[in-house]
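S.K.: Take a look at entry19.pdb, PDB, C-alpha atoms:
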```
MODEL        1
ATOM      1  CA  MET A1003     192.422 -17.461 150.690
ATOM      2  CA  LYS A1004     193.496 -17.501 147.074
ATOM      3  CA  LYS A1005     191.004 -14.726 146.306
ATOM      4  CA  ASN A1006     192.381 -12.630 149.174
ATOM      5  CA  GLY A1007     195.894 -13.089 147.825
ATOM      6  CA  ILE A1008     194.844 -11.863 144.387
ATOM      7  CA  LEU A1009     193.040  -8.867 145.933
ATOM      8  CA  ILE A1010     196.073  -7.877 148.030
ATOM      9  CA  LEU A1011     198.345  -8.279 145.003
ATOM     10  CA  THR A1012     196.035  -6.071 142.894
ATOM     11  CA  ILE A1013     195.966  -3.393 145.596
ATOM     12  CA  LEU A1014     199.764  -3.474 145.880
ATOM     13  CA  LEU A1015     200.174  -3.251 142.110
ATOM     14  CA  LEU A1016     197.802  -0.292 141.915
ATOM     15  CA  ALA A1017     199.583   1.360 144.834
ATOM     16  CA  SER A1018     202.986   0.957 143.213
ATOM     17  CA  PHE A1019     201.625   2.231 139.880
ATOM     18  CA  ARG A1020     200.185   5.290 141.587
ATOM     19  CA  ALA A1021     203.327   5.874 143.640
ATOM     20  CA  GLY A1022     205.404   5.794 140.457
ATOM     21  CA  ALA A1023     203.129   8.261 138.711
ATOM     22  CA  GLN A1024     203.344  10.620 141.645
ATOM     23  CA  THR A1025     207.089  10.989 141.741
ATOM     24  CA  ILE A1026     207.198  14.271 139.834
ATOM     25  CA  ASP A1027     203.935  15.263 141.527
ATOM     26  CA  LYS A1028     205.528  14.741 144.922
ATOM     27  CA  PHE A1029     208.491  16.866 143.883
ATOM     28  CA  PHE A1030     206.213  19.760 142.958
ATOM     29  CA  ASP A1031     204.030  19.259 146.037
ATOM     30  CA  ARG A1032     207.113  19.406 148.242
ATOM     31  CA  TYR A1033     208.149  22.851 147.053
ATOM     32  CA  ALA A1034     204.716  24.276 146.204
ATOM     33  CA  ASN A1035     204.169  25.660 149.693
ATOM     34  CA  ASP A1036     207.769  26.690 150.236
ATOM     35  CA  ASP A1037     207.880  30.464 150.738
ATOM     36  CA  ARG A1038     211.049  30.773 148.693
ATOM     37  CA  PHE A1039     209.351  29.423 145.562
ATOM     38  CA  THR A1040     206.534  30.569 143.336
ATOM     39  CA  TYR A1041     204.319  27.728 142.230
ATOM     40  CA  VAL A1042     201.807  27.938 139.417
ATOM     41  CA  SER A1043     199.420  25.269 138.215
ATOM     42  CA  VAL A1044     197.346  25.551 135.053
ATOM     43  CA  GLY A1045     194.971  22.776 134.155
ATOM     44  CA  LYS A1046     191.642  23.715 132.703
ATOM     45  CA  GLY A1047     191.330  26.722 130.447
ATOM     46  CA  MET A1048     194.402  25.722 128.541
ATOM     47  CA  MET A1049     192.597  26.999 125.452
ATOM     48  CA  ASN A1050     192.767  30.538 126.842
ATOM     49  CA  LEU A1051     196.470  30.116 127.287
ATOM     50  CA  ALA A1052     196.755  28.726 123.778
ATOM     51  CA  SER A1053     194.920  31.679 122.277
ATOM     52  CA  THR A1054     197.012  34.198 124.214
ATOM     53  CA  PHE A1055     200.189  32.357 123.407
ATOM     54  CA  GLY A1056     199.117  32.117 119.792
ATOM     55  CA  ALA A1057     198.166  35.759 119.528
ATOM     56  CA  ASN A1058     201.562  36.815 120.775
ATOM     57  CA  LYS A1059     203.534  34.422 118.681
ATOM     58  CA  ASN A1060     201.480  33.966 115.528
ATOM     59  CA  MET A1061     200.843  30.362 116.418
ATOM     60  CA  ASP A1062     199.275  28.220 113.725
ATOM     61  CA  LYS A1063     196.137  26.125 114.135
ATOM     62  CA  ASN A1064     198.029  22.879 114.747
ATOM     63  CA  GLN A1065     200.092  24.391 117.513
ATOM     64  CA  LYS A1066     196.960  25.733 119.190
ATOM     65  CA  GLU A1067     195.467  22.254 119.032
ATOM     66  CA  VAL A1068     198.609  20.792 120.553
ATOM     67  CA  LEU A1069     198.510  23.308 123.403
ATOM     68  CA  ASP A1070     194.859  22.564 123.936
ATOM     69  CA  ARG A1071     195.668  18.889 124.343
ATOM     70  CA  LEU A1072     197.885  19.668 127.313
ATOM     71  CA  THR A1073     196.229  18.419 130.459
ATOM     72  CA  GLY A1074     198.372  20.360 132.863
ATOM     73  CA  ILE A1075     201.272  22.730 133.329
ATOM     74  CA  LYS A1076     203.015  23.147 136.644
ATOM     75  CA  ILE A1077     205.728  25.713 137.169
ATOM     76  CA  LEU A1078     208.054  26.059 140.110
ATOM     77  CA  THR A1079     210.184  29.192 140.124
ATOM     78  CA  LEU A1080     212.905  30.415 142.397
ATOM     79  CA  GLU A1081     213.354  34.135 141.676
ATOM     80  CA  ASN A1082     215.979  36.630 142.788
ATOM     81  CA  SER A1083     217.845  34.004 144.692
ATOM     82  CA  ARG A1084     221.541  33.924 145.340
ATOM     83  CA  ASP A1085     221.212  30.696 147.229
ATOM     84  CA  GLU A1086     223.266  28.543 144.894
ATOM     85  CA  LYS A1087     223.200  25.716 147.430
ATOM     86  CA  LEU A1088     219.395  25.599 147.411
ATOM     87  CA  MET A1089     219.288  25.685 143.609
ATOM     88  CA  ASN A1090     221.745  22.823 143.338
ATOM     89  CA  SER A1091     219.974  20.749 145.972
ATOM     90  CA  VAL A1092     216.624  21.197 144.161
ATOM     91  CA  LEU A1093     218.234  20.334 140.829
ATOM     92  CA  ASP A1094     219.881  17.248 142.338
ATOM     93  CA  GLU A1095     216.527  16.109 143.635
ATOM     94  CA  LEU A1096     214.907  16.745 140.275
ATOM     95  CA  ASP A1097     217.675  14.820 138.589
ATOM     96  CA  LYS A1098     216.787  11.781 140.695
ATOM     97  CA  VAL A1099     213.131  12.156 139.728
ATOM     98  CA  ILE A1100     214.093  12.382 136.048
ATOM     99  CA  ARG A1101     216.283   9.288 136.276
ATOM    100  CA  ALA A1102     213.689   7.309 138.224
ATOM    101  CA  GLY A1103     210.992   8.355 135.757
ATOM    102  CA  LYS A1104     213.181   7.255 132.810
ATOM    103  CA  TYR A1105     212.918  10.587 131.026
ATOM    104  CA  GLU A1106     215.074  11.073 127.976
ATOM    105  CA  THR A1107     216.959  14.255 127.278
ATOM    106  CA  ALA A1108     215.415  16.141 124.386
ATOM    107  CA  VAL A1109     217.409  19.408 124.444
ATOM    108  CA  ARG A1110     220.382  20.710 126.383
ATOM    109  CA  VAL A1111     221.339  24.342 125.874
ATOM    110  CA  LYS A1112     224.097  26.098 127.792
ATOM    111  CA  ASP A1113     225.063  29.711 127.308
ATOM    112  CA  LYS A1114     227.391  31.275 129.875
ATOM    113  CA  ASP A1115     225.431  31.126 133.160
ATOM    114  CA  GLU A1116     222.195  30.110 131.505
ATOM    115  CA  THR A1117     221.042  26.585 130.833
ATOM    116  CA  VAL A1118     217.860  25.129 129.403
ATOM    117  CA  ASN A1119     217.324  21.398 129.622
ATOM    118  CA  ILE A1120     214.297  19.630 128.280
ATOM    119  CA  PHE A1121     213.399  16.083 129.288
ATOM    120  CA  PHE A1122     210.681  13.957 127.820
ATOM    121  CA  ARG A1123     208.940  10.661 128.370
ATOM    122  CA  THR A1124     205.931   8.782 127.069
ATOM    123  CA  THR A1125     203.734   7.295 129.764
ATOM    124  CA  GLY A1126     201.038   5.645 127.687
ATOM    125  CA  LYS A1127     199.477   5.765 124.268
ATOM    126  CA  ASP A1128     200.259   9.341 123.186
ATOM    127  CA  GLN A1129     200.521  10.374 126.833
ATOM    128  CA  SER A1130     203.615  12.450 127.371
ATOM    129  CA  ASP A1131     205.425  14.335 130.068
ATOM    130  CA  MET A1132     207.885  17.120 129.445
ATOM    131  CA  ILE A1133     210.089  18.727 132.068
ATOM    132  CA  ILE A1134     211.841  21.979 131.202
ATOM    133  CA  VAL A1135     214.548  23.176 133.536
ATOM    134  CA  SER A1136     215.658  26.731 132.944
ATOM    135  CA  LYS A1137     218.477  28.037 135.121
ATOM    136  CA  GLU A1138     220.003  31.478 135.196
ATOM    137  CA  LYS A1139     222.347  33.171 137.603
ATOM    138  CA  ASN A1140     219.671  34.258 140.094
ATOM    139  CA  GLU A1141     216.629  32.440 138.821
ATOM    140  CA  MET A1142     215.483  28.937 138.200
ATOM    141  CA  SER A1143     212.267  27.635 136.659
ATOM    142  CA  ILE A1144     211.057  24.080 136.449
ATOM    143  CA  ILE A1145     208.154  23.574 134.070
ATOM    144  CA  TRP A1146     206.288  20.288 133.932
ATOM    145  CA  MET A1147     203.838  19.784 131.126
ATOM    146  CA  ASN A1148     201.749  16.718 130.395
ATOM    147  CA  GLY A1149     199.183  15.899 127.807
ATOM    148  CA  LYS A1150     197.929  13.580 125.143
ATOM    149  CA  MET A1151     200.481  14.072 122.426
ATOM    150  CA  THR A1152     203.612  12.633 120.909
ATOM    151  CA  LYS A1153     207.150  13.818 121.621
ATOM    152  CA  GLU A1154     207.247  15.623 118.272
ATOM    153  CA  GLU A1155     203.959  17.413 118.946
ATOM    154  CA  MET A1156     205.096  18.548 122.361
ATOM    155  CA  SER A1157     208.417  19.752 120.980
ATOM    156  CA  ASP A1158     206.504  21.736 118.356
ATOM    157  CA  ILE A1159     205.172  24.047 121.069
ATOM    158  CA  PHE A1160     208.647  25.532 121.269
ATOM    159  CA  SER A1161     210.470  24.681 118.074
ATOM    160  CA  GLN A1162     207.938  26.022 115.570
ATOM    161  CA  ASN A1163     207.063  28.869 117.814
ATOM    162  CA  SER A1164     210.593  30.096 118.236
TER     163      SER A1164
ATOM    164  CA  MET B 302     143.429 -30.142 207.306
ATOM    165  CA  LYS B 303     145.639 -32.678 208.991
ATOM    166  CA  GLU B 304     146.135 -34.215 205.596
ATOM    167  CA  ILE B 305     147.541 -30.959 204.217
ATOM    168  CA  ASP B 306     149.802 -30.535 207.250
ATOM    169  CA  ASP B 307     151.127 -34.067 206.799
ATOM    170  CA  LEU B 308     151.671 -33.528 203.089
ATOM    171  CA  LEU B 309     153.467 -30.262 203.757
ATOM    172  CA  ASN B 310     155.775 -31.974 206.251
ATOM    173  CA  LYS B 311     156.389 -34.750 203.767
ATOM    174  CA  TYR B 312     156.980 -32.134 201.010
ATOM    175  CA  PHE B 313     159.612 -30.261 202.998
ATOM    176  CA  GLU B 314     161.304 -33.542 203.780
ATOM    177  CA  GLY B 315     161.341 -34.239 200.064
ATOM    178  CA  LYS B 316     159.327 -37.411 200.341
ATOM    179  CA  THR B 317     156.170 -36.452 198.400
ATOM    180  CA  THR B 318     155.177 -38.154 195.179
ATOM    181  CA  LEU B 319     154.255 -36.187 192.041
ATOM    182  CA  GLU B 320     150.587 -36.798 192.679
ATOM    183  CA  GLU B 321     150.880 -35.486 196.247
ATOM    184  CA  GLU B 322     152.738 -32.397 195.044
ATOM    185  CA  ASN B 323     150.036 -31.770 192.443
ATOM    186  CA  TYR B 324     147.439 -32.118 195.126
ATOM    187  CA  LEU B 325     149.223 -29.532 197.261
ATOM    188  CA  LYS B 326     149.524 -27.165 194.289
ATOM    189  CA  SER B 327     145.840 -27.460 193.492
ATOM    190  CA  TYR B 328     145.046 -26.798 197.134
ATOM    191  CA  PHE B 329     147.103 -23.600 197.186
ATOM    192  CA  ARG B 330     145.555 -22.490 193.883
ATOM    193  CA  ASN B 331     142.253 -22.658 195.596
ATOM    194  CA  GLU B 332     141.021 -19.483 197.275
ATOM    195  CA  GLU B 333     139.795 -21.363 200.350
ATOM    196  CA  ILE B 334     143.073 -21.822 202.150
ATOM    197  CA  GLN B 335     143.309 -22.208 205.862
ATOM    198  CA  PRO B 336     144.857 -19.138 207.551
ATOM    199  CA  GLU B 337     147.742 -21.243 208.986
ATOM    200  CA  HIS B 338     148.605 -22.290 205.424
ATOM    201  CA  GLU B 339     148.650 -18.742 203.975
ATOM    202  CA  VAL B 340     152.429 -18.485 204.440
ATOM    203  CA  TYR B 341     152.988 -21.332 201.964
ATOM    204  CA  LYS B 342     150.664 -19.875 199.342
ATOM    205  CA  THR B 343     153.308 -17.569 197.859
ATOM    206  CA  LEU B 344     155.779 -20.435 197.629
ATOM    207  CA  PHE B 345     153.429 -22.641 195.631
ATOM    208  CA  HIS B 346     152.384 -19.691 193.418
ATOM    209  CA  VAL B 347     156.037 -19.140 192.543
ATOM    210  CA  PHE B 348     156.274 -22.774 191.520
ATOM    211  CA  ASP B 349     153.245 -22.288 189.313
ATOM    212  CA  GLU B 350     154.718 -19.143 187.705
ATOM    213  CA  LYS B 351     158.013 -20.883 187.076
ATOM    214  CA  ALA B 352     156.201 -23.786 185.475
ATOM    215  CA  LYS B 353     154.574 -21.377 183.022
ATOM    216  CA  GLU B 354     157.956 -19.951 181.912
ATOM    217  CA  LYS B 355     159.305 -21.343 178.667
ATOM    218  CA  ILE B 356     162.687 -22.966 178.847
ATOM    219  CA  PRO B 357     164.944 -21.538 176.143
ATOM    220  CA  GLN B 358     165.652 -24.068 173.441
ATOM    221  CA  PRO B 359     169.262 -25.218 173.277
ATOM    222  CA  VAL B 360     171.098 -23.718 170.309
ATOM    223  CA  ASP B 361     171.200 -26.116 167.476
ATOM    224  CA  GLU B 362     174.692 -25.712 166.005
ATOM    225  CA  LYS B 363     173.605 -27.093 162.680
ATOM    226  CA  ASN B 364     170.920 -24.395 162.389
ATOM    227  CA  ALA B 365     173.165 -21.620 163.728
ATOM    228  CA  GLN B 366     175.988 -22.161 161.257
ATOM    229  CA  PRO B 367     174.214 -20.772 158.177
ATOM    230  CA  ASN B 368     173.486 -17.537 160.109
ATOM    231  CA  VAL B 369     177.158 -17.115 160.994
ATOM    232  CA  LYS B 370     178.115 -17.882 157.422
ATOM    233  CA  ARG B 371     175.583 -15.367 156.154
ATOM    234  CA  PHE B 372     176.944 -12.715 158.518
ATOM    235  CA  TRP B 373     180.509 -13.164 157.228
ATOM    236  CA  LYS B 374     179.314 -13.294 153.648
ATOM    237  CA  LEU B 375     177.413 -10.051 154.127
ATOM    238  CA  THR B 376     180.405  -8.460 155.900
ATOM    239  CA  ALA B 377     182.667  -9.503 153.026
ATOM    240  CA  VAL B 378     180.276  -8.002 150.464
ATOM    241  CA  ILE B 379     179.983  -4.711 152.392
ATOM    242  CA  ALA B 380     183.759  -4.596 152.899
ATOM    243  CA  GLY B 381     184.240  -5.270 149.201
ATOM    244  CA  ILE B 382     181.911  -2.428 148.193
ATOM    245  CA  ALA B 383     183.610  -0.070 150.661
ATOM    246  CA  ALA B 384     187.045  -1.083 149.349
ATOM    247  CA  ALA B 385     185.896  -0.512 145.767
ATOM    248  CA  PHE B 386     184.659   2.997 146.647
ATOM    249  CA  LEU B 387     187.927   3.770 148.413
ATOM    250  CA  MET B 388     189.898   2.554 145.406
ATOM    251  CA  ILE B 389     187.863   4.746 143.046
ATOM    252  CA  ILE B 390     188.425   7.798 145.269
ATOM    253  CA  TRP B 391     192.091   6.900 145.648
ATOM    254  CA  VAL B 392     192.867   6.170 141.994
ATOM    255  CA  MET B 393     190.722   8.901 140.455
ATOM    256  CA  PRO B 394     191.569  12.267 141.981
ATOM    257  CA  ILE B 395     188.654  14.572 142.719
ATOM    258  CA  GLU B 396     188.175  17.204 140.070
ATOM    259  CA  LYS B 397     189.194  20.584 141.399
ATOM    260  CA  ASN B 398     190.249  23.942 140.075
ATOM    261  CA  GLN B 399     193.752  23.472 138.778
ATOM    262  CA  ASP B 400     194.437  27.094 137.879
ATOM    263  CA  PHE B 401     196.120  28.726 140.824
ATOM    264  CA  ALA B 402     199.405  30.114 142.056
ATOM    265  CA  ILE B 403     201.187  29.980 145.385
ATOM    266  CA  VAL B 404     203.330  33.069 145.910
ATOM    267  CA  ASN B 405     205.240  33.474 149.173
ATOM    268  CA  GLY B 406     203.217  30.631 150.646
ATOM    269  CA  GLU B 407     199.919  32.348 149.839
ATOM    270  CA  LYS B 408     197.495  30.605 147.493
ATOM    271  CA  ILE B 409     196.063  32.815 144.761
ATOM    272  CA  GLU B 410     193.070  31.217 143.053
ATOM    273  CA  ASN B 411     193.074  33.473 140.040
ATOM    274  CA  THR B 412     192.941  31.673 136.703
ATOM    275  CA  GLN B 413     194.058  34.719 134.732
ATOM    276  CA  PHE B 414     197.052  35.302 136.987
ATOM    277  CA  ALA B 415     198.088  31.629 136.832
ATOM    278  CA  GLN B 416     197.737  31.506 133.044
ATOM    279  CA  ASN B 417     199.626  34.772 132.539
ATOM    280  CA  TYR B 418     202.432  33.587 134.774
ATOM    281  CA  ALA B 419     202.642  30.270 132.893
ATOM    282  CA  LEU B 420     202.597  32.151 129.601
ATOM    283  CA  GLU B 421     205.402  34.451 130.732
ATOM    284  CA  LYS B 422     207.590  31.511 131.719
ATOM    285  CA  LEU B 423     206.853  29.602 128.511
ATOM    286  CA  ASN B 424     207.704  32.683 126.461
ATOM    287  CA  HIS B 425     210.912  33.123 128.419
ATOM    288  CA  VAL B 426     212.011  29.545 127.732
ATOM    289  CA  SER B 427     210.894  29.863 124.132
ATOM    290  CA  TYR B 428     212.994  33.029 123.733
ATOM    291  CA  LYS B 429     216.053  31.358 125.240
ATOM    292  CA  LEU B 430     215.682  28.361 122.942
ATOM    293  CA  GLU B 431     215.188  30.684 119.988
ATOM    294  CA  THR B 432     218.352  32.614 120.806
ATOM    295  CA  ASN B 433     220.507  29.620 121.547
ATOM    296  CA  LEU B 434     219.278  27.376 118.777
ATOM    297  CA  LYS B 435     219.682  30.093 116.110
ATOM    298  CA  PRO B 436     223.014  28.615 114.905
ATOM    299  CA  LEU B 437     221.238  25.286 114.314
ATOM    300  CA  GLU B 438     218.643  27.114 112.276
ATOM    301  CA  ALA B 439     221.437  28.685 110.253
ATOM    302  CA  ILE B 440     222.913  25.238 109.598
ATOM    303  CA  ALA B 441     219.521  23.993 108.465
ATOM    304  CA  THR B 442     219.206  27.010 106.144
ATOM    305  CA  VAL B 443     222.670  26.416 104.677
ATOM    306  CA  LYS B 444     221.799  22.741 104.185
ATOM    307  CA  SER B 445     218.602  23.537 102.340
ATOM    308  CA  ARG B 446     220.341  26.179 100.199
ATOM    309  CA  MET B 447     223.054  23.635  99.351
ATOM    310  CA  GLU B 448     220.511  21.227  97.857
ATOM    311  CA  PRO B 449     220.853  22.670  94.286
ATOM    312  CA  VAL B 450     224.666  22.378  94.512
ATOM    313  CA  LYS B 451     224.304  18.618  95.139
ATOM    314  CA  LYS B 452     222.538  18.344  91.793
ATOM    315  CA  ILE B 453     225.496  19.841  89.810
ATOM    316  CA  PRO B 454     227.167  16.435  89.057
ATOM    317  CA  GLU B 455     223.863  15.099  87.735
ATOM    318  CA  ILE B 456     223.416  18.178  85.524
ATOM    319  CA  LYS B 457     227.000  17.775  84.277
ATOM    320  CA  LYS B 458     226.330  14.138  83.343
ATOM    321  CA  GLU B 459     223.255  15.118  81.401
ATOM    322  CA  TRP B 460     225.224  17.857  79.567
ATOM    323  CA  LYS B 461     227.888  15.373  78.521
ATOM    324  CA  LYS B 462     225.229  13.127  77.046
TER     325      LYS B 462
ENDMDL
END
```
Rewrite the structure from the file as structure tokens, please.

M.R.:
Amino acid sequence: MKKNGILILTILLLASFRAGAQTIDKFFDRYANDDRFTYVSVGKGMMNLASTFGANKNMDKNQKEVLDRLTGIKILTLENSRDEKLMNSVLDELDKVIRAGKYETAVRVKDKDETVNIFFRTTGKDQSDMIIVSKEKNEMSIIWMNGKMTKEEMSDIFSQNS
Amino acid sequence: MKEIDDLLNKYFEGKTTLEEENYLKSYFRNEEIQPEHEVYKTLFHVFDEKAKEKIPQPVDEKNAQPNVKRFWKLTAVIAGIAAAFLMIIWVMPIEKNQDFAIVNGEKIENTQFAQNYALEKLNHVSYKLETNLKPLEAIATVKSRMEPVKKIPEIKKEWKK
């Protein structure tokens, strides 16, 4: 009886852990098949992306290594949309995910109708998640990157590159 | 034959002894049966057949218990293994191609397309950050250029000496 209790408790703990980890996943899954959005997932072959990115931007060796340590990039884009209501509802939902996931704000940039917000969190030893929300008048992109790197290393992808 | 008739009457009245019944049985086992007794032959053969049948042994609860226990133990082990497999499948997602795009609800499994799209978006964000964070860069440049100015008081002190 005691053993059963421990087993059930373990299963519940694992389930809650997995449910927590899936929050941002669920958000992307929800809109991935929505006709109004373009969804892109890049997992393997990140090295190809790193080399292309590096070739275009004169990326140094360290930055290439950082990009190669990314385990996944997911992008959700709403293009040529004048549906402000939809944009706001998606952003509200994302905001809840960010709060629930205890992400910290890394960068907030606002220029006229354009905003770029970057959120970051560490999920384990050197395991990090970064969410970039880029919003323009008729376009919105949500980029979710995760990988084995520190906050500084992940920020380097943009800061040193720009 | 009178004796057999009497015994048969006694038998059907339920008054025969075991010895008398055995005598009747042995008589009907014999092939030399009187024609008037043929009708009873089948009856006594049935009794013989029944006597040969083995009576099932009553279930000994003490012996049966370990089997039941073993069944549940085995079930628990199998269930445990199955649960472990399910947990592994559940916790560790199956490796699949992660490079794809879904445009207008249509899945495009083209690695190059997915990577180019991701690259385009990353460049776009990078450009926006570059443009908007330029003033910060300027501040950093001014700060670094001001470093020698901070050393002026120290230089002055040394001059006075």

S.K.: The ChimeraX specification (/A :<10) & /B on the file shown: which residues, as an MDAnalysis selection string?

M.R.: chainID B and resid 384 388 391:392 397:410 412:435

S.K.: When you draw a straight line from atom CA of A:Leu1069 to atom CA of A:Ile1120, how long is it in Å?

M.R.: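 Distance between the two atoms: 16.9 Å.
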
S.K.: Run the PyMOL selection byres ((chain A and resi 1104) around 12) on the file and write out the hits as number ranges by chain.

M.R.: A: 1022-1023, 1025-1026, 1097-1103, 1105-1107, 1121-1125, 1131-1133

S.K.: Quote the spacing between atom CA of B:Lys311 and atom CA of B:Lys355 in Å to one decimal place.

M.R.: 28.6 Å

S.K.: Counting all atoms listed in the file, figure out which residue out of A:Asp1085, A:Asp1115, A:Glu1138, A:Asp1128 gets nearest to A:Thr1152.

M.R.: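 Closest candidate: A:Asp1128.
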
S.K.: What separation in Å, quoted to one decimal, exists between atom CA of A:Gln1129 and atom CA of A:Met1089?

M.R.: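 Between atom CA of A:Gln1129 and atom CA of A:Met1089 the gap is 29.5 Å.
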